[in-house]
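Comments concern the structure below.
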Amino acid sequence: MKSNKGRRRSLTLLFLVAMLVAGCATTHDRLLDMDTSQVQLRSVQTRAFDTTDKEKTMRAVIATLQDLDFIIDRADLTLGVLSATKASAMLRVTVTVRPRGDTQLMVRINAQHGLNPVTDPKPYQNFFAALERAMFLEAHQVD
Amino acid sequence: MLHFTVRYTTLLFCVVCLMACMAKNIPEEALALKQESLQQRQIQTRRFETADEARILAACASLLQDIGFSIDETEIKLGVLTASKYRSAQDGKQIAAAVVLMVLLGVPIPIDTSQTMTASVVTRPIGEDRKYYAVRVTFERIVYDDRGLISKRESLTDPRMYQGFFEKLSKALFLEAHEI
């Protein structure tokens, strides 16, 4: 009787494990990564700078990423897009620079760590703090 | 006794599963400038007295080609050039150690077999009149073992490599490389 109870408990635990594994294993909905609020994430990843010099801004982004041990994989001034990786930390980022109105440029960065998107605000704040120093300009929060 | 073992193993497994699910976030200090950043920048950067950015990048491209790299990406308008090469990573000492360990422990020990080395060159004008250009080069590598798995990812930080690169670049450009 006692061993029956034990067996049932083990089975319950096993079921729990199976549920946990199943919980980890959702994959196809990651195409559009719908699990976080897009608006909230966008505001964490974006800042506006009071300049219209796209080339200078992109060069500052590149210099900042180099200071952070990144290697630039792709860069395109016309599109205002660049991608970089930091192999030692399994980090990959894409930065886009585009105009916001007539007086500002908007810089957006999104990062991937290993297999996961970075949704934590702190690393993005760190990046913009470093970029502010390279640009000698203040980074404004964008709503 | 057996039940205990089963139960604890299952519990441990649960915890590991949960941890794997939660290990999504990167360390908070990621993407933050560190003390060593400035030092690294100095090692990896030289200043050249020329206003011709394209000439510097072309010299870098042929220099990288000389040392066996293939060019992966260029964007001259932003002064970006990225190159890589795929080479053997076999190390006699490591193989010997692996053989000794295999004999002692009876389990196969993975050894490094290949590596991808990447070089990234970025040029940047100094000052508003663009009379000087700073050239920064960064090397890193990813090493694979005999199972095809990544065994090492690292930035190459030995100052001698950078000195060697800039000496060659200086000769190719007929210009002196100044420290920043």
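Each chain in the structure tokens gets a letter, A, B, ..., in the order shown, and its residues are numbered from 1; ligands are numbered from 1 in order too.
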#### Entry: Contacts of Phe70 (chain A) at 9 Å (only C-alpha atoms; same-chain gap of 5+ positions) as a ChimeraX atom specification
/A:62,64-65,84-87,91-92 /B:138
Can those selected residues be exported to a file as a compact mmCIF listing (two decimals), in the first residue's frame so that it contains all heavy atoms?
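Resulting contents of result02.txt:
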```txt
# COMPACT_ATOMS: atom_id res chain seq x y z
N ILE A 62 29.23 52.53 -34.10
CA ILE A 62 30.26 51.53 -34.41
C ILE A 62 31.39 51.61 -33.38
O ILE A 62 31.83 50.59 -32.84
CB ILE A 62 30.80 51.73 -35.85
CG1 ILE A 62 29.71 51.36 -36.86
CG2 ILE A 62 32.05 50.90 -36.09
CD1 ILE A 62 30.02 51.75 -38.29
N THR A 64 31.26 52.76 -30.36
CA THR A 64 30.77 52.29 -29.07
C THR A 64 30.74 50.76 -29.02
O THR A 64 31.19 50.15 -28.05
CB THR A 64 29.34 52.84 -28.81
OG1 THR A 64 29.38 54.25 -28.93
CG2 THR A 64 28.84 52.46 -27.43
N LEU A 65 30.24 50.16 -30.10
CA LEU A 65 30.17 48.70 -30.13
C LEU A 65 31.58 48.09 -30.08
O LEU A 65 31.80 47.06 -29.45
CB LEU A 65 29.43 48.22 -31.37
CG LEU A 65 27.91 48.44 -31.34
CD1 LEU A 65 27.29 48.15 -32.69
CD2 LEU A 65 27.26 47.56 -30.27
N ALA A 84 26.23 43.49 -35.33
CA ALA A 84 27.53 43.19 -34.73
C ALA A 84 27.39 42.01 -33.78
O ALA A 84 26.30 41.74 -33.28
CB ALA A 84 28.03 44.41 -33.97
N THR A 85 28.51 41.29 -33.58
CA THR A 85 28.47 40.17 -32.63
C THR A 85 29.62 40.27 -31.64
O THR A 85 30.68 40.81 -31.94
CB THR A 85 28.61 38.79 -33.34
OG1 THR A 85 29.65 38.88 -34.29
CG2 THR A 85 27.35 38.35 -33.99
N LYS A 86 29.37 39.71 -30.46
CA LYS A 86 30.40 39.59 -29.44
C LYS A 86 30.43 38.11 -29.11
O LYS A 86 29.61 37.62 -28.32
CB LYS A 86 29.99 40.43 -28.23
CG LYS A 86 30.99 40.43 -27.10
CD LYS A 86 30.51 41.41 -26.04
CE LYS A 86 31.39 41.41 -24.83
NZ LYS A 86 30.98 42.45 -23.88
N ALA A 87 31.35 37.40 -29.76
CA ALA A 87 31.36 35.94 -29.66
C ALA A 87 31.57 35.48 -28.22
O ALA A 87 30.92 34.53 -27.76
CB ALA A 87 32.44 35.37 -30.56
N LEU A 91 26.59 37.31 -27.79
CA LEU A 91 25.66 38.42 -28.00
C LEU A 91 25.66 38.83 -29.46
O LEU A 91 26.70 38.86 -30.10
CB LEU A 91 26.10 39.63 -27.17
CG LEU A 91 25.59 39.76 -25.74
CD1 LEU A 91 26.34 40.87 -25.04
CD2 LEU A 91 24.11 40.05 -25.73
N ARG A 92 24.48 39.14 -29.97
CA ARG A 92 24.37 39.67 -31.32
C ARG A 92 23.41 40.85 -31.27
O ARG A 92 22.34 40.75 -30.66
CB ARG A 92 23.84 38.58 -32.25
CG ARG A 92 23.80 39.00 -33.69
CD ARG A 92 23.52 37.80 -34.60
NE ARG A 92 23.11 38.25 -35.92
CZ ARG A 92 23.95 38.70 -36.86
NH1 ARG A 92 25.23 38.74 -36.63
NH2 ARG A 92 23.49 39.08 -38.03
N THR B 138 40.21 44.74 -34.65
CA THR B 138 39.87 43.82 -33.56
C THR B 138 39.93 42.40 -34.10
O THR B 138 39.38 42.13 -35.17
CB THR B 138 38.43 44.09 -33.06
OG1 THR B 138 38.21 45.49 -33.00
CG2 THR B 138 38.20 43.49 -31.70
```
### Task
Within 8 Å of chain B, which residues of chain A are there when counting only C-alpha atoms? Please give them as a ChimeraX atom specification.
/A:6,10,13-14,16-17,20-21,24,55,58-59,66-69,71-77,87-88,113,116-120,122-124,126-127,129-130
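The interatomic distance for the pair CA of Thr50 (chain B) and CA of Gly164 (chain B) works out to 20.6 Å.
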### Message
So that I can check the surroundings of Val107 (chain A), please list as an MDAnalysis selection string every protein, DNA and RNA residue that reaches within 7 Å of it, counting only C-alpha atoms and ignoring chain neighbours fewer than 6 positions away.
### Response
chainID A and resid 46:48 95:98
### Message
Using DSSP secondary structure from the backbone, list all alpha helix (DSSP H) positions within chain A, as a PyMOL selection string.
### Response
chain A and resi 2-24+38-45+54-67+121-135
### Query
Which of these, B:Gly68, B:Pro159, B:Gly148, B:Gly127, has the shortest distance to Lys85 (chain B) once you count only C-alpha atoms?
B:Gly68
### Who sits within 8 Å of Ile109 (chain B), only C-alpha atoms, same chain under 3 positions skipped, as a ChimeraX atom specification
/B:98-99,101-102
Prev. selection, all heavy atoms, output as a PDB file, in the first residue's frame:
```pdb
ATOM      1  N   ALA B  98      45.210  14.971 -23.841  1.00  0.00           N
ATOM      2  CA  ALA B  98      43.957  14.252 -24.032  1.00  0.00           C
ATOM      3  C   ALA B  98      44.186  12.747 -24.079  1.00  0.00           C
ATOM      4  O   ALA B  98      43.407  11.971 -23.522  1.00  0.00           O
ATOM      5  CB  ALA B  98      43.278  14.734 -25.321  1.00  0.00           C
ATOM      6  N   VAL B  99      45.292  12.332 -24.724  1.00  0.00           N
ATOM      7  CA  VAL B  99      45.606  10.897 -24.827  1.00  0.00           C
ATOM      8  C   VAL B  99      45.897  10.332 -23.428  1.00  0.00           C
ATOM      9  O   VAL B  99      45.364   9.285 -23.034  1.00  0.00           O
ATOM     10  CB  VAL B  99      46.798  10.657 -25.786  1.00  0.00           C
ATOM     11  CG1 VAL B  99      47.295   9.213 -25.690  1.00  0.00           C
ATOM     12  CG2 VAL B  99      46.411  10.986 -27.210  1.00  0.00           C
ATOM     13  N   LEU B 101      44.902  11.496 -20.498  1.00  0.00           N
ATOM     14  CA  LEU B 101      43.663  11.479 -19.725  1.00  0.00           C
ATOM     15  C   LEU B 101      42.746  10.346 -20.167  1.00  0.00           C
ATOM     16  O   LEU B 101      42.093   9.704 -19.343  1.00  0.00           O
ATOM     17  CB  LEU B 101      42.928  12.809 -19.862  1.00  0.00           C
ATOM     18  CG  LEU B 101      43.438  13.944 -18.975  1.00  0.00           C
ATOM     19  CD1 LEU B 101      42.760  15.245 -19.334  1.00  0.00           C
ATOM     20  CD2 LEU B 101      43.181  13.617 -17.499  1.00  0.00           C
ATOM     21  N   MET B 102      42.736  10.092 -21.487  1.00  0.00           N
ATOM     22  CA  MET B 102      41.876   9.040 -22.014  1.00  0.00           C
ATOM     23  C   MET B 102      42.332   7.680 -21.484  1.00  0.00           C
ATOM     24  O   MET B 102      41.517   6.854 -21.102  1.00  0.00           O
ATOM     25  CB  MET B 102      41.922   9.059 -23.541  1.00  0.00           C
ATOM     26  CG  MET B 102      40.726   8.433 -24.201  1.00  0.00           C
ATOM     27  SD  MET B 102      40.647   8.887 -25.915  1.00  0.00           S
ATOM     28  CE  MET B 102      41.697   7.642 -26.610  1.00  0.00           C
TER      29      MET B 102
END
```
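Closest approach to Asn110 (chain A) from the set A:Val39, A:Ala63, A:Leu11, A:Val93 is made by A:Val93, with distances taken over only C-alpha atoms.
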Determine which residues of region 4-123 of chain A receive a DSSP assignment of strand (DSSP E), computed from the backbone, and state them as a compact mmCIF listing (two decimals) with all heavy atoms, in the first residue's frame.
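Contents of the output file result-v4.txt:
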```
# COMPACT_ATOMS: atom_id res chain seq x y z
N THR A 46 14.94 52.11 -27.81
CA THR A 46 15.06 53.30 -28.67
C THR A 46 15.39 54.57 -27.90
O THR A 46 14.91 54.78 -26.79
CB THR A 46 13.72 53.51 -29.44
OG1 THR A 46 13.31 52.29 -29.99
CG2 THR A 46 13.88 54.53 -30.53
N ARG A 47 16.23 55.40 -28.51
CA ARG A 47 16.49 56.75 -27.97
C ARG A 47 16.58 57.72 -29.15
O ARG A 47 16.93 57.32 -30.26
CB ARG A 47 17.83 56.81 -27.22
CG ARG A 47 17.90 56.01 -25.94
CD ARG A 47 17.07 56.60 -24.82
NE ARG A 47 17.28 55.87 -23.57
CZ ARG A 47 16.73 54.71 -23.28
NH1 ARG A 47 15.90 54.13 -24.14
NH2 ARG A 47 16.99 54.11 -22.14
N ALA A 48 16.29 58.98 -28.88
CA ALA A 48 16.40 60.02 -29.92
C ALA A 48 17.55 60.94 -29.57
O ALA A 48 17.81 61.22 -28.40
CB ALA A 48 15.10 60.80 -30.00
N PHE A 49 18.27 61.38 -30.60
CA PHE A 49 19.40 62.31 -30.41
C PHE A 49 19.15 63.57 -31.23
O PHE A 49 18.63 63.49 -32.35
CB PHE A 49 20.71 61.66 -30.86
CG PHE A 49 21.16 60.54 -29.96
CD1 PHE A 49 20.74 59.24 -30.19
CD2 PHE A 49 21.99 60.79 -28.88
CE1 PHE A 49 21.15 58.21 -29.36
CE2 PHE A 49 22.39 59.77 -28.05
CZ PHE A 49 21.98 58.48 -28.29
N ILE A 71 32.31 42.86 -32.84
CA ILE A 71 32.85 42.89 -34.20
C ILE A 71 31.71 43.25 -35.13
O ILE A 71 30.61 42.71 -34.99
CB ILE A 71 33.47 41.50 -34.54
CG1 ILE A 71 34.79 41.39 -33.81
CG2 ILE A 71 33.55 41.28 -36.03
CD1 ILE A 71 35.90 40.73 -34.55
N ILE A 72 31.96 44.20 -36.03
CA ILE A 72 30.89 44.64 -36.94
C ILE A 72 30.76 43.63 -38.08
O ILE A 72 31.71 43.38 -38.80
CB ILE A 72 31.20 46.05 -37.51
CG1 ILE A 72 31.62 47.02 -36.39
CG2 ILE A 72 30.02 46.59 -38.32
CD1 ILE A 72 30.60 47.29 -35.31
N ASP A 73 29.57 43.03 -38.21
CA ASP A 73 29.37 42.04 -39.26
C ASP A 73 28.83 42.67 -40.55
O ASP A 73 29.19 42.26 -41.64
CB ASP A 73 28.34 40.99 -38.82
CG ASP A 73 28.80 40.25 -37.59
OD1 ASP A 73 29.98 39.90 -37.53
OD2 ASP A 73 27.97 40.01 -36.69
N ARG A 74 27.92 43.61 -40.39
CA ARG A 74 27.29 44.25 -41.53
C ARG A 74 27.07 45.71 -41.22
O ARG A 74 26.77 46.06 -40.08
CB ARG A 74 25.89 43.66 -41.78
CG ARG A 74 25.83 42.21 -42.10
CD ARG A 74 25.35 42.02 -43.53
NE ARG A 74 25.36 40.61 -43.89
CZ ARG A 74 26.46 39.94 -44.18
NH1 ARG A 74 27.62 40.55 -44.13
NH2 ARG A 74 26.41 38.67 -44.50
N ALA A 75 27.18 46.55 -42.24
CA ALA A 75 26.87 47.97 -42.04
C ALA A 75 26.41 48.55 -43.36
O ALA A 75 26.95 48.21 -44.41
CB ALA A 75 28.10 48.70 -41.54
N ASP A 76 25.39 49.38 -43.32
CA ASP A 76 24.87 50.02 -44.52
C ASP A 76 24.39 51.42 -44.17
O ASP A 76 23.41 51.57 -43.45
CB ASP A 76 23.74 49.17 -45.10
CG ASP A 76 23.32 49.65 -46.48
OD1 ASP A 76 23.13 50.87 -46.65
OD2 ASP A 76 23.17 48.81 -47.38
N VAL A 81 21.52 50.70 -41.18
CA VAL A 81 21.43 49.44 -40.45
C VAL A 81 22.81 48.88 -40.20
O VAL A 81 23.67 48.94 -41.08
CB VAL A 81 20.62 48.41 -41.28
CG1 VAL A 81 20.66 47.05 -40.64
CG2 VAL A 81 19.19 48.87 -41.45
N LEU A 82 23.04 48.35 -39.01
CA LEU A 82 24.27 47.59 -38.80
C LEU A 82 24.08 46.47 -37.80
O LEU A 82 23.24 46.56 -36.91
CB LEU A 82 25.43 48.51 -38.41
CG LEU A 82 25.47 49.25 -37.10
CD1 LEU A 82 26.24 48.43 -36.08
CD2 LEU A 82 26.18 50.56 -37.30
N SER A 83 24.83 45.38 -38.00
CA SER A 83 24.77 44.23 -37.10
C SER A 83 26.16 43.94 -36.59
O SER A 83 27.14 44.11 -37.30
CB SER A 83 24.26 43.00 -37.83
OG SER A 83 22.93 43.17 -38.17
N ALA A 84 26.23 43.49 -35.33
CA ALA A 84 27.53 43.19 -34.73
C ALA A 84 27.39 42.01 -33.78
O ALA A 84 26.30 41.74 -33.28
CB ALA A 84 28.03 44.41 -33.97
N THR A 85 28.51 41.29 -33.58
CA THR A 85 28.47 40.17 -32.63
C THR A 85 29.62 40.27 -31.64
O THR A 85 30.68 40.81 -31.94
CB THR A 85 28.61 38.79 -33.34
OG1 THR A 85 29.65 38.88 -34.29
CG2 THR A 85 27.35 38.35 -33.99
N LYS A 86 29.37 39.71 -30.46
CA LYS A 86 30.40 39.59 -29.44
C LYS A 86 30.43 38.11 -29.11
O LYS A 86 29.61 37.62 -28.32
CB LYS A 86 29.99 40.43 -28.23
CG LYS A 86 30.99 40.43 -27.10
CD LYS A 86 30.51 41.41 -26.04
CE LYS A 86 31.39 41.41 -24.83
NZ LYS A 86 30.98 42.45 -23.88
N LEU A 91 26.59 37.31 -27.79
CA LEU A 91 25.66 38.42 -28.00
C LEU A 91 25.66 38.83 -29.46
O LEU A 91 26.70 38.86 -30.10
CB LEU A 91 26.10 39.63 -27.17
CG LEU A 91 25.59 39.76 -25.74
CD1 LEU A 91 26.34 40.87 -25.04
CD2 LEU A 91 24.11 40.05 -25.73
N ARG A 92 24.48 39.14 -29.97
CA ARG A 92 24.37 39.67 -31.32
C ARG A 92 23.41 40.85 -31.27
O ARG A 92 22.34 40.75 -30.66
CB ARG A 92 23.84 38.58 -32.25
CG ARG A 92 23.80 39.00 -33.69
CD ARG A 92 23.52 37.80 -34.60
NE ARG A 92 23.11 38.25 -35.92
CZ ARG A 92 23.95 38.70 -36.86
NH1 ARG A 92 25.23 38.74 -36.63
NH2 ARG A 92 23.49 39.08 -38.03
N VAL A 93 23.78 41.95 -31.90
CA VAL A 93 22.91 43.12 -31.89
C VAL A 93 22.69 43.66 -33.29
O VAL A 93 23.54 43.49 -34.17
CB VAL A 93 23.46 44.28 -31.01
CG1 VAL A 93 23.57 43.88 -29.56
CG2 VAL A 93 24.80 44.78 -31.52
N THR A 94 21.54 44.29 -33.50
CA THR A 94 21.28 45.05 -34.71
C THR A 94 20.90 46.46 -34.30
O THR A 94 20.13 46.63 -33.36
CB THR A 94 20.15 44.40 -35.54
OG1 THR A 94 20.65 43.20 -36.10
CG2 THR A 94 19.69 45.30 -36.67
N VAL A 95 21.48 47.44 -34.97
CA VAL A 95 21.17 48.84 -34.66
C VAL A 95 20.62 49.49 -35.92
O VAL A 95 21.15 49.29 -37.01
CB VAL A 95 22.44 49.60 -34.21
CG1 VAL A 95 22.11 51.04 -33.85
CG2 VAL A 95 23.10 48.91 -33.03
N THR A 96 19.55 50.25 -35.77
CA THR A 96 19.03 51.02 -36.90
C THR A 96 19.03 52.50 -36.51
O THR A 96 18.75 52.85 -35.37
CB THR A 96 17.59 50.61 -37.28
OG1 THR A 96 16.79 50.62 -36.11
CG2 THR A 96 17.55 49.23 -37.89
N VAL A 97 19.38 53.33 -37.49
CA VAL A 97 19.40 54.77 -37.28
C VAL A 97 18.50 55.40 -38.34
O VAL A 97 18.71 55.17 -39.53
CB VAL A 97 20.84 55.33 -37.42
CG1 VAL A 97 20.84 56.85 -37.27
CG2 VAL A 97 21.76 54.70 -36.39
N ARG A 98 17.46 56.10 -37.91
CA ARG A 98 16.60 56.75 -38.91
C ARG A 98 16.09 58.09 -38.39
O ARG A 98 16.09 58.33 -37.19
CB ARG A 98 15.46 55.84 -39.35
CG ARG A 98 14.60 55.34 -38.26
CD ARG A 98 13.84 54.12 -38.73
NE ARG A 98 13.07 53.56 -37.63
CZ ARG A 98 11.83 53.90 -37.36
NH1 ARG A 98 11.19 54.78 -38.08
NH2 ARG A 98 11.21 53.34 -36.33
N PRO A 99 15.69 58.98 -39.34
CA PRO A 99 15.28 60.32 -38.92
C PRO A 99 13.98 60.31 -38.11
O PRO A 99 13.12 59.46 -38.33
CB PRO A 99 15.06 61.06 -40.24
CG PRO A 99 15.46 60.16 -41.32
CD PRO A 99 15.62 58.80 -40.79
N ARG A 100 13.91 61.24 -37.18
CA ARG A 100 12.67 61.43 -36.41
C ARG A 100 12.36 62.92 -36.52
O ARG A 100 13.05 63.74 -35.92
CB ARG A 100 12.92 61.03 -34.95
CG ARG A 100 11.69 61.19 -34.08
CD ARG A 100 12.02 60.64 -32.69
NE ARG A 100 10.83 60.49 -31.90
CZ ARG A 100 10.48 61.35 -30.93
NH1 ARG A 100 11.23 62.38 -30.65
NH2 ARG A 100 9.38 61.13 -30.24
N GLN A 104 15.84 65.43 -35.42
CA GLN A 104 16.37 64.35 -34.59
C GLN A 104 16.62 63.07 -35.37
O GLN A 104 16.05 62.85 -36.45
CB GLN A 104 15.37 64.02 -33.46
CG GLN A 104 15.37 65.01 -32.33
CD GLN A 104 14.50 64.53 -31.19
OE1 GLN A 104 13.42 63.99 -31.41
NE2 GLN A 104 14.97 64.71 -29.96
N LEU A 105 17.48 62.22 -34.78
CA LEU A 105 17.67 60.87 -35.31
C LEU A 105 17.27 59.88 -34.22
O LEU A 105 17.48 60.13 -33.03
CB LEU A 105 19.14 60.63 -35.66
CG LEU A 105 19.66 61.21 -36.97
CD1 LEU A 105 21.16 60.93 -37.07
CD2 LEU A 105 18.95 60.60 -38.16
N MET A 106 16.70 58.78 -34.66
CA MET A 106 16.28 57.77 -33.70
C MET A 106 17.22 56.57 -33.82
O MET A 106 17.46 56.08 -34.93
CB MET A 106 14.86 57.34 -34.03
CG MET A 106 14.06 56.95 -32.84
SD MET A 106 12.32 57.19 -33.19
CE MET A 106 12.03 55.85 -34.30
N VAL A 107 17.76 56.13 -32.69
CA VAL A 107 18.64 54.97 -32.70
C VAL A 107 17.94 53.84 -31.97
O VAL A 107 17.50 54.00 -30.83
CB VAL A 107 19.98 55.29 -31.99
CG1 VAL A 107 20.88 54.06 -31.94
CG2 VAL A 107 20.71 56.43 -32.68
N ARG A 108 17.79 52.71 -32.64
CA ARG A 108 17.18 51.56 -31.99
C ARG A 108 18.15 50.39 -32.03
O ARG A 108 18.74 50.09 -33.06
CB ARG A 108 15.88 51.16 -32.69
CG ARG A 108 15.25 49.96 -32.03
CD ARG A 108 13.91 49.60 -32.58
NE ARG A 108 13.38 48.48 -31.82
CZ ARG A 108 12.17 47.97 -31.97
NH1 ARG A 108 11.35 48.50 -32.83
NH2 ARG A 108 11.77 46.94 -31.24
N ILE A 109 18.29 49.73 -30.88
CA ILE A 109 19.16 48.55 -30.82
C ILE A 109 18.35 47.38 -30.29
O ILE A 109 17.57 47.53 -29.35
CB ILE A 109 20.41 48.82 -29.93
CG1 ILE A 109 21.24 47.55 -29.77
CG2 ILE A 109 20.03 49.38 -28.56
CD1 ILE A 109 22.59 47.75 -29.13
N ASN A 110 18.50 46.23 -30.91
CA ASN A 110 17.95 45.04 -30.26
C ASN A 110 19.01 43.96 -30.17
O ASN A 110 19.85 43.82 -31.06
CB ASN A 110 16.65 44.56 -30.89
CG ASN A 110 16.83 44.07 -32.28
OD1 ASN A 110 17.65 44.59 -33.00
ND2 ASN A 110 16.09 43.06 -32.65
N ALA A 111 19.00 43.26 -29.05
CA ALA A 111 20.06 42.30 -28.76
C ALA A 111 19.50 40.90 -28.60
O ALA A 111 18.35 40.70 -28.20
CB ALA A 111 20.80 42.72 -27.49
N GLN A 112 20.36 39.95 -28.93
CA GLN A 112 20.03 38.53 -28.74
C GLN A 112 21.18 37.91 -27.95
O GLN A 112 22.35 38.13 -28.27
CB GLN A 112 19.88 37.91 -30.13
CG GLN A 112 19.86 36.41 -30.11
CD GLN A 112 19.45 35.84 -31.45
OE1 GLN A 112 18.92 36.53 -32.31
NE2 GLN A 112 19.72 34.57 -31.64
N HIS A 113 20.82 37.16 -26.92
CA HIS A 113 21.84 36.52 -26.09
C HIS A 113 21.67 35.02 -26.22
O HIS A 113 20.65 34.48 -25.79
CB HIS A 113 21.67 36.96 -24.63
CG HIS A 113 22.61 36.29 -23.70
ND1 HIS A 113 22.20 35.49 -22.66
CD2 HIS A 113 23.96 36.28 -23.65
CE1 HIS A 113 23.25 35.03 -22.01
NE2 HIS A 113 24.33 35.50 -22.59
N ASN A 116 18.16 33.57 -27.04
CA ASN A 116 17.02 34.35 -26.55
C ASN A 116 17.12 35.83 -26.83
O ASN A 116 18.21 36.40 -26.78
CB ASN A 116 16.88 34.16 -25.03
CG ASN A 116 16.63 32.72 -24.69
OD1 ASN A 116 15.67 32.12 -25.15
ND2 ASN A 116 17.53 32.13 -23.91
N PRO A 117 15.97 36.48 -27.08
CA PRO A 117 15.99 37.93 -27.23
C PRO A 117 16.23 38.58 -25.86
O PRO A 117 15.82 38.02 -24.84
CB PRO A 117 14.58 38.26 -27.72
CG PRO A 117 13.73 37.14 -27.27
CD PRO A 117 14.61 35.92 -27.23
```
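Using only C-alpha atoms, the shortest contact distance between Tyr162 (chain B) and any of B:Val135, B:Leu149, B:Ala89, B:Ala59 is found at B:Val135.
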### Message
Between CA of Leu57 (chain B) and CA of Ala134 (chain B), what is the distance in Å, rounded to a tenth?
### Response
11.3 Å
### Message
Residues near Tyr133 (chain B), anyone? I mean within 12 Å using only C-alpha atoms, not counting same-chain ones fewer than 3 positions away, as a ChimeraX atom specification.
### Response
/B:45-57,79,122-130,136,175-180
